[in-house]
$ cat final.txt   # compact mmCIF, C-alpha atoms
# COMPACT_ATOMS: atom_id res chain seq x y z
CA MET A 1234 -19.90 -20.02 -12.94
CA LYS A 1235 -17.92 -20.06 -9.76
CA ILE A 1236 -14.60 -21.69 -9.02
CA GLY A 1237 -15.71 -22.91 -5.60
CA LYS A 1238 -12.15 -23.54 -4.35
CA LYS A 1239 -9.52 -21.47 -2.67
CA PHE A 1240 -6.70 -20.53 -5.02
CA ASN A 1241 -4.02 -21.67 -2.58
CA THR A 1242 -5.23 -25.28 -2.88
CA LEU A 1243 -4.81 -25.50 -6.67
CA THR A 1244 -2.19 -27.44 -8.60
CA LEU A 1245 -0.13 -26.07 -11.47
CA GLN A 1246 -2.49 -27.46 -14.13
CA GLN A 1247 -5.54 -26.08 -12.31
CA TYR A 1248 -3.95 -22.62 -12.08
CA ILE A 1249 -3.30 -22.61 -15.82
CA PHE A 1250 -6.84 -23.83 -16.57
CA TYR A 1251 -8.50 -21.17 -14.38
CA ILE A 1252 -6.26 -18.39 -15.70
CA ASP A 1253 -7.08 -19.39 -19.29
CA ASN A 1254 -10.81 -19.41 -18.52
CA HIS A 1255 -10.90 -16.51 -16.02
CA LYS A 1256 -13.68 -14.67 -17.88
CA LYS A 1257 -16.11 -17.54 -17.29
CA TYR A 1258 -15.83 -17.36 -13.49
CA THR A 1259 -17.61 -14.64 -11.55
CA ASP A 1260 -15.55 -15.16 -8.39
CA PHE A 1261 -12.14 -14.92 -10.09
CA ASN A 1262 -10.00 -12.47 -8.14
CA THR A 1263 -6.60 -11.40 -9.50
CA LEU A 1264 -5.38 -10.16 -6.11
CA GLY A 1265 -6.40 -13.50 -4.61
CA LEU A 1266 -4.58 -15.28 -7.42
CA TYR A 1267 -1.31 -13.47 -6.73
CA ARG A 1268 -1.63 -13.89 -2.96
CA SER A 1269 -2.31 -17.60 -3.39
CA ILE A 1270 0.91 -18.05 -5.35
CA ILE A 1271 2.82 -17.11 -2.20
CA GLU A 1272 0.60 -19.10 0.18
CA ASN A 1273 0.27 -22.30 -1.87
CA GLU A 1274 2.23 -25.11 -0.22
CA LYS A 1275 1.45 -27.67 -2.94
CA LEU A 1276 3.58 -25.88 -5.53
CA LEU A 1277 7.34 -26.07 -5.80
CA PRO A 1278 9.22 -22.76 -6.11
CA ASP A 1279 9.73 -23.33 -9.85
CA ASP A 1280 6.00 -23.99 -10.29
CA LYS A 1281 5.18 -20.77 -8.43
CA ILE A 1282 7.40 -18.83 -10.82
CA THR A 1283 5.72 -20.55 -13.77
CA VAL A 1284 2.25 -19.60 -12.48
CA ARG A 1285 3.36 -16.02 -11.85
CA ASP A 1286 4.82 -15.65 -15.34
CA TYR A 1287 1.73 -17.22 -16.92
CA ALA A 1288 -0.58 -14.93 -14.93
CA HIS A 1289 1.46 -11.91 -16.05
CA ARG A 1290 0.39 -12.60 -19.64
CA PHE A 1291 -3.23 -11.84 -18.72
CA PHE A 1292 -3.07 -9.64 -15.63
CA ARG A 1293 0.09 -7.54 -15.89
CA LYS A 1294 -1.78 -4.26 -15.40
CA SER A 1295 -3.54 -5.60 -12.29
CA PHE A 1296 -0.22 -6.86 -10.96
CA ASP A 1297 1.41 -3.46 -11.45
CA PHE A 1298 -1.48 -1.86 -9.56
CA LEU A 1299 -0.61 -4.10 -6.59
CA GLN A 1300 2.28 -1.70 -5.94
CA LEU A 1301 -0.34 0.79 -4.90
CA LYS A 1302 -2.97 -1.50 -3.39
CA ASP A 1303 -0.86 -4.15 -1.64
CA PRO A 1304 2.90 -3.52 -1.97
CA TYR A 1305 3.85 -6.38 0.37
CA THR A 1306 2.20 -8.95 -1.91
CA PHE A 1307 3.72 -7.23 -4.93
CA ILE A 1308 7.24 -7.59 -3.53
CA GLU A 1309 6.72 -11.22 -2.50
CA VAL A 1310 5.40 -12.20 -5.94
CA ALA A 1311 7.73 -10.07 -8.05
CA TYR A 1312 10.88 -11.32 -6.35
CA LEU A 1313 9.77 -14.92 -5.86
CA GLY A 1314 12.72 -17.25 -5.31
CA GLN A 1315 15.31 -14.45 -5.19
CA GLU A 1316 17.52 -13.69 -2.23
CA MET A 1317 17.46 -10.00 -1.36
CA THR A 1318 19.76 -7.93 0.78
CA LYS A 1319 18.63 -5.04 2.91
CA ALA A 1320 19.90 -2.61 0.27
CA ASP A 1321 17.82 -4.40 -2.37
CA ARG A 1322 14.71 -4.08 -0.21
CA GLU A 1323 15.34 -0.37 0.34
CA ARG A 1324 15.78 0.17 -3.41
CA ILE A 1325 12.58 -1.74 -4.14
CA TRP A 1326 10.62 0.31 -1.59
CA ASP A 1327 11.99 3.53 -3.09
CA GLU A 1328 10.80 2.40 -6.53
CA ILE A 1329 7.38 1.49 -5.13
CA ARG A 1330 7.01 4.87 -3.41
CA GLY A 1331 7.94 6.58 -6.69
CA TYR A 1332 5.34 4.55 -8.57
CA GLN A 1333 2.71 5.25 -5.92
CA GLN A 1334 3.35 8.97 -6.05
CA LYS A 1335 3.27 8.97 -9.86
CA VAL A 1336 -0.07 7.14 -9.99
CA LEU A 1337 -1.66 9.25 -7.25
CA THR A 1338 -0.71 12.51 -8.95
CA ALA A 1339 -1.73 11.23 -12.39
CA LYS A 1340 -5.15 10.12 -11.14
CA ARG A 1341 -5.50 13.17 -8.87
CA ILE A 1342 -6.19 11.05 -5.81
CA LYS A 1343 -5.84 13.26 -2.77
CA HIS A 1344 -6.44 10.67 -0.04
CA ARG A 1345 -4.18 7.70 0.58
CA ASN A 1346 -6.32 5.22 2.45
CA PHE A 1347 -7.11 2.35 0.10
CA GLY A 1348 -6.00 -1.24 -0.25
CA VAL A 1349 -3.87 -2.33 2.69
CA TYR A 1350 -3.67 1.29 3.80
CA SER A 1351 -7.41 1.47 4.56
CA LYS A 1352 -7.10 -0.61 7.75
CA HIS A 1353 -4.81 -0.01 10.69
CA ASP A 1354 -1.93 -2.47 10.95
CA CYS A 1355 0.94 -1.13 13.03
CA GLY A 1356 2.56 -4.52 13.58
CA TYR A 1357 1.81 -4.75 17.29
CA ASP A 1358 -0.51 -7.61 18.24
CA THR A 1359 -1.73 -5.77 21.33
CA CYS A 1360 -2.78 -2.61 19.47
CA ARG A 1361 -6.46 -1.90 19.98
CA PHE A 1362 -6.76 -0.30 16.54
CA ASN A 1363 -5.62 -3.36 14.51
CA GLY A 1364 -8.05 -4.11 11.70
CA MET A 1365 -10.08 -0.93 12.19
CA MET A 1366 -10.99 1.14 9.16
CA ILE A 1367 -9.02 4.37 9.01
CA ARG A 1368 -10.81 7.67 8.51
CA GLN A 1369 -9.71 9.62 5.47
CA GLY A 1370 -7.31 12.43 6.34
CA SER A 1371 -6.62 11.21 9.88
CA PHE A 1372 -3.12 11.12 11.34
CA ILE A 1373 -3.04 7.32 11.21
CA ALA A 1374 -4.01 7.32 7.52
CA GLU A 1375 -1.39 9.91 6.64
CA SER A 1376 1.39 8.17 8.57
CA ASP A 1377 1.27 4.91 6.57
CA MET A 1378 1.94 6.11 3.03
CA TYR A 1379 4.24 9.08 2.78
CA PHE A 1380 6.57 10.60 0.20
CA LYS A 1381 9.72 12.71 0.50
CA GLY A 1382 7.95 15.80 -0.88
CA ASP A 1383 5.09 15.66 1.63
CA LYS A 1384 4.65 18.62 3.92
CA ARG A 1385 3.53 17.77 7.40
CA GLY A 1386 0.70 20.00 8.56
CA VAL A 1387 1.50 19.30 12.21
CA ALA A 1388 4.76 21.28 12.20
CA ALA A 1389 3.14 24.17 10.30
CA LYS A 1390 0.28 24.27 12.82
CA VAL A 1391 2.69 24.35 15.77
CA ARG A 1392 4.68 27.16 14.14
CA SER A 1393 1.47 29.07 13.42
CA ASN A 1394 0.35 28.79 17.03
CA ALA A 1395 3.78 29.93 18.27
CA TYR A 1396 3.71 33.00 15.99
CA ARG A 1397 0.18 33.80 17.13
CA ALA A 1398 1.23 33.61 20.80
CA ASP A 1399 4.24 35.86 20.08
CA ARG A 1400 2.00 38.46 18.40
CA LYS A 1401 -0.40 38.42 21.37
CA ARG A 1402 2.48 38.84 23.83
CA ALA A 1403 3.89 41.72 21.78
CA GLN A 1404 0.50 43.44 21.70
CA GLN A 1405 0.08 42.96 25.46
CA MET A 1406 3.55 44.39 26.10
CA ILE A 1407 2.80 47.44 23.95
CA LYS A 1408 -0.54 47.92 25.70
CA LYS A 1409 1.13 47.66 29.12
CA GLU A 1410 3.84 50.20 28.17
CA LEU A 1411 1.22 52.63 26.90
CA GLU A 1412 -0.76 52.27 30.14
CA ASP A 1413 2.36 52.81 32.25
CA GLU A 1414 3.16 56.11 30.53

$ encode --input "final.txt" --output "structure tokens"
Amino acid sequence: MKIGKKFNTLTLQQYIFYIDNHKKYTDFNTLGLYRSIIENEKLLPDDKITVRDYAHRFFRKSFDFLQLKDPYTFIEVAYLGQEMTKADRERIWDEIRGYQQKVLTAKRIKHRNFGVYSKHDCGYDTCRFNGMMIRQGSFIAESDMYFKGDKRGVAAKVRSNAYRADRKRAQQMIKKELEDE
């Protein structure tokens, strides 16, 4: 069976019904469910919190994985109805980065372009790359998700080229001195 409706048009009772019977529906999408909680204009803030808490009973693991797949939605849903300061947001992002790094190392995932990180979204409306798929290992892919322990290959490559040029110059100077003698 299919739901046949967008989640963000449902009422509180419909949310609870579809969450209870989620195994019967082939088009049930947990990410869509959590996104719709934020987007739904029919629900009051207390109803949104009720739906979120009820959905956590069934989909807590999927919700936790949103930290990796779509951290913006995760933050919006997790802190629904709460006022946050800039320091709170920074703390939350630090926790999310820690969780992302822990999961990536545990699952031995070497690339970081999945979920919202698989498409370019720099925030500029005029950017010609917006919405384009990002190639694995490219500079754009590596610049979105980063951790404190990451080593940037760009600086190492520049240093390597500088050392190589110095060695060549030294060899040329030695050669020139030997020829002059």

$ closest_residue --input "final.txt" --among "A:Glu1412, A:Glu1309, A:Asp1280, A:Asp1321" --to "A:Gln1246" --atoms "only C-alpha atoms"
A:Asp1280

$ closest_residue --input "final.txt" --among "A:Leu1301, A:Gly1237, A:Thr1259, A:Asn1394" --to "A:Ile1342" --atoms "only C-alpha atoms"
A:Leu1301

$ residues_near_point --input "final.txt" --point "(-12.0, -13.1, -7.2)" --cutoff "12 Å" --atoms "all atoms listed in the file" --output "list of chain:residue names"
A:Met1234, A:Lys1235, A:Ile1236, A:Gly1237, A:Lys1238, A:Lys1239, A:Phe1240, A:Tyr1251, A:Ile1252, A:His1255, A:Lys1256, A:Lys1257, A:Tyr1258, A:Thr1259, A:Asp1260, A:Phe1261, A:Asn1262, A:Thr1263, A:Leu1264, A:Gly1265, A:Leu1266, A:Tyr1267, A:Arg1268, A:Ser1269

$ closest_residue --input "final.txt" --among "A:Gln1300, A:Thr1283, A:Asn1254, A:Asn1241" --to "A:Ile1329" --atoms "only C-alpha atoms"
A:Gln1300

$ closest_residue --input "final.txt" --among "A:Ile1249, A:Ile1308, A:Met1406, A:Glu1316" --to "A:Arg1290" --atoms "all atoms listed in the file"
A:Ile1249

$ closest_residue --input "final.txt" --among "A:Gly1314, A:Glu1414, A:Ile1271, A:Phe1298" --to "A:Leu1337" --atoms "all atoms listed in the file"
A:Phe1298

$ closest_residue --input "final.txt" --among "A:His1289, A:Arg1392, A:Arg1322, A:Lys1275" --to "A:Pro1304" --atoms "all atoms listed in the file"
A:Arg1322

$ axis_aligned_box --input "final.txt" --around "stretch 1270-1279 of chain A" --padding-each-side "4 Å" --output "AutoDock Vina command-line options"
--center_x 5.0 --center_y -22.4 --center_z -4.8 --size_x 17.5 --size_y 18.6 --size_z 18.0

$ atom_distance --input "final.txt" --atom1 "atom CA of A:Asn1273" --atom2 "atom CA of A:Thr1242"
6.3 Å

$ atom_distance --input "final.txt" --atom1 "atom CA of A:Leu1276" --atom2 "atom CA of A:Leu1243"
8.5 Å
